[in-house]
>>> print(open('protein_29.csv').read())   # CSV, C-alpha atoms
chain,number,residue,atom,x,y,z
K,14,MET,CA,100.1,113.4,39.1
K,15,ARG,CA,98.6,111.1,41.7
K,16,PRO,CA,98.6,107.4,40.8
K,17,ASP,CA,95.2,105.9,40.1
K,18,VAL,CA,93.4,102.8,41.5
K,19,GLU,CA,94.8,100.6,38.7
K,20,GLN,CA,98.4,101.7,39.3
K,21,LEU,CA,98.1,101.0,43.1
K,22,ALA,CA,96.4,97.7,42.3
K,23,GLU,CA,99.4,96.8,40.1
K,24,VAL,CA,101.8,97.5,43.0
K,25,GLY,CA,99.5,95.3,45.3
K,26,ARG,CA,99.5,92.4,42.8
K,27,ALA,CA,103.3,92.6,42.5
K,28,ALA,CA,103.4,92.3,46.3
K,29,GLY,CA,101.3,89.1,46.2
K,30,GLY,CA,97.8,90.5,46.4
K,31,GLY,CA,95.1,88.8,44.3
K,32,GLY,CA,91.6,89.6,43.3
K,33,GLU,CA,89.7,92.7,42.3
K,34,PRO,CA,91.0,95.9,43.7
K,35,ALA,CA,88.7,97.7,46.2
K,36,VAL,CA,89.1,101.3,47.2
K,37,LEU,CA,89.3,101.6,51.1
K,38,TYR,CA,89.8,105.3,51.3
K,39,ASP,CA,89.9,108.2,48.9
K,40,ARG,CA,90.0,111.6,50.6
K,41,HIS,CA,92.3,114.5,51.3
K,42,GLY,CA,94.7,113.4,48.5
K,43,VAL,CA,95.2,110.0,50.0
K,44,LEU,CA,94.1,106.9,48.1
K,45,VAL,CA,94.1,103.4,49.7
K,46,VAL,CA,93.5,100.3,47.6
K,47,ARG,CA,93.1,96.8,48.8
K,48,VAL,CA,94.0,93.8,46.6
K,49,GLY,CA,93.3,90.7,48.5
K,50,ASP,CA,95.6,90.5,51.5
K,51,VAL,CA,97.6,93.5,50.4
K,52,VAL,CA,96.8,97.2,50.9
K,53,VAL,CA,98.6,99.9,48.9
K,54,LYS,CA,98.5,103.6,50.0
K,55,SER,CA,99.4,106.7,48.0
K,56,HIS,CA,100.3,109.5,50.4
K,57,GLN,CA,99.5,113.2,50.3
K,58,GLU,CA,101.8,115.0,48.1
K,59,ASP,CA,102.4,117.9,50.5
K,60,ARG,CA,103.1,115.6,53.4
K,61,GLU,CA,106.6,114.8,54.5
K,62,ALA,CA,107.7,112.0,52.3
K,63,GLY,CA,111.0,110.7,51.1
K,64,ASP,CA,113.6,110.1,53.7
K,65,ALA,CA,111.4,110.9,56.8
K,66,LEU,CA,108.6,108.5,55.6
K,67,ALA,CA,111.2,105.8,54.9
K,68,ARG,CA,112.6,106.2,58.4
K,69,ARG,CA,109.1,106.1,59.9
K,70,LEU,CA,108.5,102.8,58.1
K,71,VAL,CA,111.7,101.4,59.5
K,72,VAL,CA,110.6,102.4,63.0
K,73,ALA,CA,107.2,100.8,62.4
K,74,ALA,CA,108.8,97.6,61.1
K,75,ALA,CA,110.8,97.4,64.4
K,76,LEU,CA,107.7,97.5,66.6
K,77,PRO,CA,106.3,94.0,66.3
K,78,GLY,CA,103.0,93.5,68.2
K,79,ILE,CA,102.5,97.3,68.3
K,80,ALA,CA,102.5,98.6,64.8
K,81,LEU,CA,101.5,96.9,61.5
K,82,PRO,CA,104.8,96.1,59.7
K,83,PRO,CA,105.0,97.3,56.2
K,84,LEU,CA,105.5,94.7,53.4
K,85,ALA,CA,108.2,96.8,51.7
K,86,PRO,CA,110.1,100.1,51.9
K,87,PRO,CA,108.2,103.1,50.4
K,88,ARG,CA,108.4,103.6,46.7
K,89,THR,CA,107.5,106.4,44.3
K,90,VAL,CA,104.8,106.0,41.7
K,91,ASP,CA,104.4,109.0,39.4
K,92,GLY,CA,106.2,111.2,41.9
K,93,THR,CA,104.0,110.2,44.8
K,94,ALA,CA,105.1,108.2,47.8
K,95,VAL,CA,103.4,104.8,47.9
K,96,THR,CA,103.5,102.3,50.8
K,97,VAL,CA,102.5,98.6,50.9
K,98,TRP,CA,100.9,96.8,53.9
K,99,PRO,CA,99.2,93.6,54.9
K,100,TYR,CA,95.4,94.0,55.1
K,101,GLY,CA,93.9,94.3,58.6
K,102,GLU,CA,90.3,94.5,59.7
K,103,PRO,CA,89.2,97.9,60.9
K,104,VAL,CA,87.5,98.6,64.2
K,105,ALA,CA,83.8,97.8,64.3
K,106,PRO,CA,82.2,101.0,65.6
K,107,GLU,CA,79.8,99.3,67.9
K,108,ARG,CA,82.6,97.7,69.9
K,109,PRO,CA,85.8,99.6,69.9
K,110,PRO,CA,88.7,97.8,71.6
K,111,TRP,CA,89.4,100.5,74.1
K,112,ALA,CA,91.5,98.4,76.3
K,113,ASP,CA,93.7,97.1,73.4
K,114,ALA,CA,94.1,100.7,72.3
K,115,GLY,CA,95.3,101.8,75.7
K,116,ARG,CA,97.7,98.9,75.9
K,117,LEU,CA,99.1,99.5,72.4
K,118,LEU,CA,99.7,103.2,73.0
K,119,ALA,CA,101.4,102.5,76.3
K,120,ALA,CA,103.7,100.0,74.6
K,121,LEU,CA,104.5,102.5,71.9
K,122,HIS,CA,105.2,105.2,74.4
K,123,ARG,CA,107.5,102.9,76.4
K,124,ALA,CA,109.3,101.5,73.3
K,125,ASP,CA,113.0,102.3,72.8
K,126,VAL,CA,113.5,105.1,70.4
K,127,PRO,CA,115.6,103.9,67.5
K,128,ASP,CA,118.5,106.0,66.2
K,129,GLY,CA,117.4,108.2,63.3
K,130,THR,CA,113.7,108.4,64.4
K,131,PRO,CA,112.3,111.7,63.1
K,132,GLN,CA,110.4,114.1,65.4
K,133,ARG,CA,106.6,113.7,65.2
K,134,ALA,CA,105.0,115.7,62.4
K,135,ARG,CA,104.0,119.3,63.0
K,136,ARG,CA,100.6,119.9,64.7
K,137,ASP,CA,99.1,122.7,62.6
K,138,ARG,CA,95.7,121.1,61.9
K,139,VAL,CA,93.9,123.2,64.5
K,140,GLU,CA,95.2,126.5,63.1
K,141,ARG,CA,94.2,125.4,59.5
K,142,LEU,CA,90.8,124.3,60.5
K,143,VAL,CA,90.0,127.4,62.6
K,144,ALA,CA,91.3,129.7,59.9
K,145,ARG,CA,88.9,128.4,57.3
K,146,LEU,CA,85.8,128.7,59.6
K,147,GLY,CA,83.1,131.0,58.2
K,148,ASP,CA,80.7,133.4,60.0
K,149,GLY,CA,78.2,132.4,62.7
K,150,GLU,CA,77.7,132.0,66.4
K,151,ASP,CA,79.2,128.5,66.6
K,152,ALA,CA,82.3,129.5,64.6
K,153,ASP,CA,82.7,132.5,66.9
K,154,THR,CA,82.5,130.1,69.9
K,155,VAL,CA,85.2,127.9,68.4
K,156,ARG,CA,87.4,130.9,67.6
K,157,ALA,CA,87.0,132.2,71.2
K,158,ALA,CA,88.2,128.9,72.6
K,159,PHE,CA,91.1,128.8,70.1
K,160,ARG,CA,92.4,132.1,71.5
K,161,THR,CA,92.9,130.4,74.9
K,162,LEU,CA,95.5,128.0,73.5
K,163,LYS,CA,99.1,128.6,74.4
K,164,PRO,CA,101.5,129.0,71.5
K,165,GLU,CA,103.1,125.6,70.7
K,166,GLN,CA,105.5,124.8,73.6
K,167,GLN,CA,109.0,123.5,73.5
K,168,GLU,CA,108.4,119.8,73.7
K,169,GLU,CA,110.5,116.9,75.1
K,170,HIS,CA,111.2,114.4,72.4
K,171,THR,CA,111.9,111.4,74.6
K,172,SER,CA,109.0,109.1,73.7
K,173,LEU,CA,107.9,107.5,70.5
K,174,VAL,CA,104.4,108.8,69.7
K,175,HIS,CA,101.9,108.0,67.0
K,176,GLY,CA,101.1,111.6,66.3
K,177,ASP,CA,97.5,111.3,65.0
K,178,TRP,CA,95.8,108.7,67.0
K,179,HIS,CA,92.1,107.8,66.8
K,180,LEU,CA,90.1,104.6,66.4
K,181,GLY,CA,90.6,104.5,62.7
K,182,GLN,CA,94.3,104.0,63.4
K,183,LEU,CA,93.8,100.4,64.6
K,184,VAL,CA,93.5,97.2,62.5
K,185,ASN,CA,93.2,93.6,63.5
K,186,HIS,CA,95.8,91.5,61.7
K,187,GLN,CA,96.2,87.8,62.5
K,188,ASN,CA,94.0,88.2,65.6
K,189,ARG,CA,96.1,91.1,67.0
K,190,TRP,CA,95.2,94.8,67.2
K,191,LEU,CA,98.0,96.9,65.7
K,192,LEU,CA,98.6,100.6,65.0
K,193,ILE,CA,98.6,101.9,61.5
K,194,ASP,CA,99.2,105.2,59.6
K,195,VAL,CA,102.7,106.1,60.7
K,196,GLU,CA,103.1,109.3,58.6
K,197,ASP,CA,103.2,111.4,61.8
K,198,LEU,CA,105.1,108.8,63.9
K,199,GLY,CA,108.1,110.2,65.7
K,200,THR,CA,109.5,111.5,69.0
K,201,GLY,CA,107.3,113.8,71.1
K,202,ASP,CA,105.0,114.3,74.0
K,203,PRO,CA,102.9,111.1,74.4
K,204,ALA,CA,100.0,113.0,76.0
K,205,TRP,CA,98.9,114.1,72.5
K,206,ASP,CA,98.1,110.5,71.5
K,207,LEU,CA,95.5,110.4,74.3
K,208,ALA,CA,94.1,113.9,73.4
K,209,ARG,CA,91.3,112.9,71.1
K,210,PRO,CA,89.5,110.4,73.4
K,211,ALA,CA,90.2,112.8,76.3
K,212,ALA,CA,88.6,115.7,74.4
K,213,LEU,CA,85.5,113.6,73.5
K,214,TYR,CA,85.2,112.4,77.1
K,215,LEU,CA,85.3,115.9,78.4
K,216,GLY,CA,82.9,117.0,75.7
K,217,GLY,CA,80.4,114.5,77.0
K,218,VAL,CA,80.5,112.6,73.8
K,219,LEU,CA,82.6,109.6,74.8
K,220,ALA,CA,81.0,107.5,77.6
K,221,PRO,CA,83.0,107.6,80.9
K,222,ALA,CA,83.1,103.8,80.9
K,223,ALA,CA,84.9,103.9,77.5
K,224,TRP,CA,87.3,106.5,78.6
K,225,ASN,CA,88.0,104.6,81.9
K,226,GLU,CA,88.6,101.3,80.0
K,227,PHE,CA,91.1,103.1,77.7
K,228,VAL,CA,93.0,104.9,80.4
K,229,THR,CA,92.9,102.1,82.9
K,230,ALA,CA,94.5,99.7,80.3
K,231,TYR,CA,97.0,102.5,79.4
K,232,ARG,CA,98.0,102.9,83.0
K,233,ALA,CA,98.1,99.2,83.7
K,234,ALA,CA,100.5,98.7,80.8
K,235,GLY,CA,102.8,101.4,82.2
K,236,GLY,CA,101.9,104.2,79.9
K,237,PRO,CA,104.0,107.2,80.9
K,238,VAL,CA,101.3,109.9,80.6
K,239,ALA,CA,99.4,108.0,83.4
K,240,ASP,CA,102.3,107.2,85.7
K,241,GLY,CA,101.1,109.6,88.4
K,242,ASP,CA,97.7,110.2,89.9
K,243,ASP,CA,94.7,111.5,88.1
K,244,ALA,CA,95.5,115.1,88.9
K,245,THR,CA,98.9,114.7,87.2
K,246,LEU,CA,97.3,112.9,84.3
K,247,TRP,CA,94.8,115.7,83.7
K,248,THR,CA,97.5,118.4,84.1
K,249,ARG,CA,99.3,116.7,81.2
K,250,LEU,CA,96.2,116.2,79.2
K,251,ASP,CA,94.5,119.6,79.6
K,252,GLU,CA,96.2,121.5,76.8
K,253,PRO,CA,96.3,118.6,74.3
K,254,ALA,CA,92.6,117.7,75.0
K,255,ARG,CA,91.6,121.4,74.8
K,256,THR,CA,93.3,121.7,71.4
K,257,LEU,CA,91.6,118.5,70.1
K,258,ALA,CA,88.2,119.7,71.4
K,259,ILE,CA,88.6,122.9,69.4
K,260,GLN,CA,89.9,121.0,66.3
K,261,ILE,CA,87.0,118.6,66.4
K,262,ALA,CA,84.5,121.4,67.0
K,263,ALA,CA,85.9,123.3,64.1
K,264,THR,CA,85.6,120.2,61.8
K,265,CYS,CA,82.0,119.8,63.0
K,266,VAL,CA,80.9,123.4,62.4
K,267,GLN,CA,82.5,123.4,59.0
K,268,SER,CA,81.0,120.1,57.9
K,269,ALA,CA,77.5,121.2,59.1
K,270,ARG,CA,77.9,124.4,57.2
K,271,GLU,CA,79.0,122.6,54.0
K,272,GLN,CA,76.1,120.2,54.3
K,273,HIS,CA,73.6,123.1,55.0
K,274,ARG,CA,72.4,121.5,58.2
K,275,GLU,CA,72.4,122.2,62.0
K,276,PRO,CA,75.1,120.4,64.0
K,277,ASP,CA,73.9,117.1,65.4
K,278,THR,CA,73.8,116.5,69.2
K,279,ALA,CA,77.3,115.3,69.5
K,280,GLU,CA,78.7,118.1,67.3
K,281,ALA,CA,76.8,120.6,69.3
K,282,ALA,CA,78.3,119.1,72.5
K,283,MET,CA,81.8,119.8,71.2
K,284,VAL,CA,80.8,123.4,70.4
K,285,ALA,CA,79.4,123.7,73.9
K,286,ALA,CA,82.8,122.4,75.2
K,287,CYS,CA,84.5,125.3,73.3
K,288,GLY,CA,82.0,127.7,75.0
K,289,ARG,CA,83.1,126.4,78.4
K,290,ILE,CA,86.8,126.7,77.4
K,291,ALA,CA,86.3,130.3,76.4
K,292,ALA,CA,84.3,131.1,79.4
K,293,MET,CA,86.9,129.7,81.8
K,294,ALA,CA,89.5,131.9,80.2
K,295,THR,CA,87.5,135.1,80.5
K,296,GLY,CA,86.2,134.1,84.0
K,297,THR,CA,82.6,134.6,83.0
A,20,MET,CA,56.5,112.7,80.9
A,21,HIS,CA,55.4,116.0,82.3
A,22,CYS,CA,56.6,117.7,85.5
A,23,PRO,CA,54.2,117.1,88.4
A,24,LYS,CA,54.8,120.7,89.6
A,25,CYS,CA,54.6,122.9,86.5
A,26,ARG,CA,53.6,120.5,83.7
A,27,GLY,CA,56.8,121.2,81.8
A,28,LEU,CA,58.5,118.6,79.7
A,29,MET,CA,60.8,116.2,81.7
A,30,ARG,CA,63.9,115.0,80.1
A,31,THR,CA,65.8,111.9,81.1
A,32,TYR,CA,69.5,112.1,81.8
A,33,THR,CA,71.7,109.2,82.8
A,34,ARG,CA,74.6,109.8,85.1
A,35,ASN,CA,76.8,106.8,86.0
A,36,GLY,CA,73.9,104.5,85.4
A,37,VAL,CA,71.3,106.5,87.4
A,38,HIS,CA,68.4,107.9,85.4
A,39,ILE,CA,67.3,111.3,86.4
A,40,GLU,CA,64.3,113.2,85.0
A,41,GLN,CA,64.7,116.9,85.0
A,42,CYS,CA,62.0,119.5,84.0
A,43,ASP,CA,63.1,121.7,81.1
A,44,ASN,CA,60.9,124.5,82.6
A,45,CYS,CA,61.4,124.7,86.3
A,46,ARG,CA,64.6,122.5,86.5
A,47,GLY,CA,62.9,120.3,89.1
A,48,ILE,CA,64.4,116.8,89.4
A,49,PHE,CA,62.3,113.6,89.7
A,50,LEU,CA,64.0,110.5,91.1
A,51,ASP,CA,62.6,107.0,90.9
A,52,TYR,CA,62.6,104.6,93.9
A,53,GLY,CA,66.2,103.9,95.0
A,54,GLU,CA,67.8,106.6,92.8
A,55,LEU,CA,68.4,108.9,95.7
A,56,GLU,CA,70.3,106.2,97.5
A,57,ALA,CA,72.2,105.4,94.4
A,58,LEU,CA,73.2,109.0,94.0
A,59,SER,CA,74.2,109.2,97.7
A,60,ARG,CA,76.4,106.2,97.3
A,61,MET,CA,78.0,107.7,94.2
A,62,GLU,CA,78.6,111.0,96.0
A,63,ALA,CA,80.3,109.1,98.9
A,64,ALA,CA,82.4,107.2,96.4
A,65,HIS,CA,83.2,110.5,94.7
A,66,HIS,CA,84.4,112.1,97.8
A,67,THR,CA,86.4,109.4,99.5
A,68,PRO,CA,89.4,109.2,97.1
A,69,PRO,CA,90.7,112.5,95.8
A,70,PRO,CA,88.1,113.8,93.4
A,71,PRO,CA,88.6,113.2,89.7
A,72,ALA,CA,90.9,116.0,88.6
A,73,ALA,CA,89.5,116.5,85.1
A,74,PRO,CA,89.7,120.1,83.8
A,75,ALA,CA,86.8,122.3,84.7
A,76,TRP,CA,85.7,122.6,81.1
A,77,GLY,CA,84.6,119.0,81.1
A,78,ALA,CA,80.9,118.4,80.4
A,79,PRO,CA,78.8,118.9,83.6
A,80,ALA,CA,76.7,115.9,82.6
A,81,GLN,CA,77.5,113.2,80.2
A,82,VAL,CA,74.4,113.3,78.2
A,83,HIS,CA,75.5,112.8,74.6
A,84,HIS,CA,76.8,109.2,74.6
A,85,HIS,CA,76.6,107.5,71.3
A,86,HIS,CA,79.4,105.1,72.1
A,87,HIS,CA,77.6,102.0,71.0
A,88,GLN,CA,75.4,103.2,68.2
A,89,PRO,CA,77.2,105.5,65.7
A,90,GLN,CA,74.5,105.9,63.2
A,91,HIS,CA,74.6,103.8,60.0
A,92,TYR,CA,77.9,104.6,58.4
A,93,GLY,CA,79.0,104.1,54.9
A,94,HIS,CA,81.8,102.0,53.6
A,95,HIS,CA,84.2,104.9,53.8
A,96,GLY,CA,82.9,106.1,57.1
A,97,HIS,CA,82.0,109.6,56.0
A,98,HIS,CA,78.3,109.1,55.7
A,99,GLY,CA,77.9,108.5,59.4
A,100,GLY,CA,77.0,110.8,62.2
A,101,GLY,CA,79.2,113.2,64.0
A,102,VAL,CA,80.4,110.8,66.6
A,103,PHE,CA,81.8,108.3,64.1
A,104,HIS,CA,83.8,111.1,62.5
A,105,MET,CA,85.2,112.3,65.8
A,106,LEU,CA,86.3,108.9,66.9
A,107,PHE,CA,87.4,107.4,63.6
A,108,SER,CA,89.0,110.2,61.6
A,109,THR,CA,91.6,112.9,61.8
>>> encode(input="protein_29.csv", output="C-alpha cells")
Amino acid sequence: MRPDVEQLAEVGRAAGGGGEPAVLYDRHGVLVVRVGDVVVKSHQEDREAGDALARRLVVAAALPGIALPPLAPPRTVDGTAVTVWPYGEPVAPERPPWADAGRLLAALHRADVPDGTPQRARRDRVERLVARLGDGEDADTVRAAFRTLKPEQQEEHTSLVHGDWHLGQLVNHQNRWLLIDVEDLGTGDPAWDLARPAALYLGGVLAPAAWNEFVTAYRAAGGPVADGDDATLWTRLDEPARTLAIQIAATCVQSAREQHREPDTAEAAMVAACGRIAAMATGT
Amino acid sequence: MHCPKCRGLMRTYTRNGVHIEQCDNCRGIFLDYGELEALSRMEAAHHTPPPPAAPAWGAPAQVHHHHHQPQHYGHHGHHGGGVFHMLFST
C-alpha cells in the first residue's frame, strides 16, 4: 500500500519541516509532498529500490554543488521506499537556466565514480510507450521510426550519468542550481543525458539559441560528450536523440488520443521528426 | 499577407533571426529590405567553418519555437502545452 499525504507529511515534520503539507507531484505512482523546507518523496513500487536506491543516494550526497544532497538515507513506509530532501525552487518555464544545466551535467559526467555505484537504470521507456500506441497515421509514423533504432548496444560504464535528464530535474537551492531525482543515476554513456534537448532541437521545438547555450556551457565545462568537434558530438548524440524523439512523439500521440484532440504544433513537429527518421532509413 | 504573384497566403518563418515570408500555394519567398544580405551573411558564416554536423533528420527549418512561452501551465505542470511536457517531464 502506497503511503498517503499525511504519512509523508509526518516524515517531513520529523525531519524538521513545518507548516501545511502541499502536494508537489502525484503521478505514475510517485507522490511528492512538501512540508515547509522539507520535501518527502514516495517512489514507484516497481522501480529499483532497496540497496540500489540507497547507493544512489550515497552517490548524490557525495556530489556537492552538482546534486541536491538528501537529508537522510531512504526509509520504507508501508513497504514503499521514501526519501527526504531539502526543498528547492523548480525552473521557471519562461527562463530555463540552460547554461547552468550544461555546466552541471558536464560536472556530473566528469565526477569520479565512487565504488559501489550501480549502473544507470534500464532504458525501456521507448519500448513501453511505442507498444501501447493505438491505431492511426501518427502512431504508424512513430512505429516506423522506432523500427530504425538499433537494439540496445553494449555500453561503456565509465561516467556517472543522471539517466533521466530534463528541465524538471533541476531545482534552485540556496541560490545554486542542482540536479534532483537520482533514481536512475549510475554509470553509463553520458550522451543520453543530452538526448532530450538534442531531440527537441532537431525536432524544431527547442530554439537553436537555447540548444547552443546548453551545449556551449557543457563543452566549456569539459563535458566529455562534447570533447571533440561538432561532427563527433552529433555522431555520439544521433542514436540517443533519435530514441528520445521517438519516445517524446509516442507520448504526444498517446496524450492527444487520450484527450480526444489533435496534436498541437510542437507535438506534430515531433511526429514529423519521426517521419524524417523513418524516411532516411528507407531512403525515400 | 497575400502572395503578390498568386494571391496565396504568405506565412512568416524565422530562421536565425531573419523573417521570411513564404507562400503556402506557390512556395514563392518574399524578403524584406536587408534580409537577402542577412541571409547571404549567414550562408557565408555557415560555409566557412565545417558545417554543423547535426543528423539529417533534424528539422529543415526551426519553425516551432515555444522556448519562452510554454502556455499557461498548472501547478503540477500537466495542464500545459506539449512543449512544457517535453522539456519538463520524463
>>> residues_around(input="protein_29.csv", residues="stretch 278-294 of chain K", least_positions_apart="2", cutoff="7 Å", atoms="all atoms listed in the file", output="PyMOL selection string")
(chain K and resi 151+154-155+157-158+161+216-218+258-259+262+265+276+296-297) or (chain A and resi 76+78+83+101-102)
>>> residues_near_point(input="protein_29.csv", point="(90.2, 111.2, 64.2)", cutoff="9 Å", atoms="only C-alpha atoms", output="mmCIF file with C-alpha atoms, keeping the file's coordinate frame")
data_model
loop_
_atom_site.group_PDB
_atom_site.id
_atom_site.type_symbol
_atom_site.label_atom_id
_atom_site.label_comp_id
_atom_site.auth_asym_id
_atom_site.auth_seq_id
_atom_site.Cartn_x
_atom_site.Cartn_y
_atom_site.Cartn_z
ATOM 1 C CA ASP K 177 97.500 111.300 65.000
ATOM 2 C CA TRP K 178 95.800 108.700 67.000
ATOM 3 C CA HIS K 179 92.100 107.800 66.800
ATOM 4 C CA LEU K 180 90.100 104.600 66.400
ATOM 5 C CA GLY K 181 90.600 104.500 62.700
ATOM 6 C CA GLN K 182 94.300 104.000 63.400
ATOM 7 C CA ARG K 209 91.300 112.900 71.100
ATOM 8 C CA ILE K 261 87.000 118.600 66.400
ATOM 9 C CA PHE A 103 81.800 108.300 64.100
ATOM 10 C CA HIS A 104 83.800 111.100 62.500
ATOM 11 C CA MET A 105 85.200 112.300 65.800
ATOM 12 C CA LEU A 106 86.300 108.900 66.900
ATOM 13 C CA PHE A 107 87.400 107.400 63.600
ATOM 14 C CA SER A 108 89.000 110.200 61.600
ATOM 15 C CA THR A 109 91.600 112.900 61.800
#
>>> closest_residue(input="protein_29.csv", among="A:Pro23, A:Thr33, A:Glu40, A:Arg46", to="chain K", atoms="all atoms listed in the file")
A:Thr33
>>> atom_distance(input="protein_29.csv", atom1="atom CA of K:Val90", atom2="atom CA of K:Val174")
28.1 Å
>>> atom_distance(input="protein_29.csv", atom1="atom CA of K:Ala212", atom2="atom CA of K:Ala114")
16.1 Å
>>> residues_around(input="protein_29.csv", residues="K:Ala112", least_positions_apart="2", cutoff="10 Å", atoms="only C-alpha atoms", output="JSON, numbers by chain")
{"K": [109, 110, 114, 115, 116, 117, 223, 224, 225, 226, 227, 228, 229, 230, 231, 233]}
>>> closest_residue(input="protein_29.csv", among="K:Asp206, K:Asp39, K:Asp113, K:Glu252", to="K:Ser172", atoms="all atoms listed in the file")
K:Asp206
>>> atom_distance(input="protein_29.csv", atom1="atom CA of K:Gly92", atom2="atom CA of K:Ala22")
16.7 Å
>>> closest_residue(input="protein_29.csv", among="K:Glu107, K:Thr89, K:Gly201, K:Leu215", to="A:Pro79", atoms="all atoms listed in the file")
K:Leu215
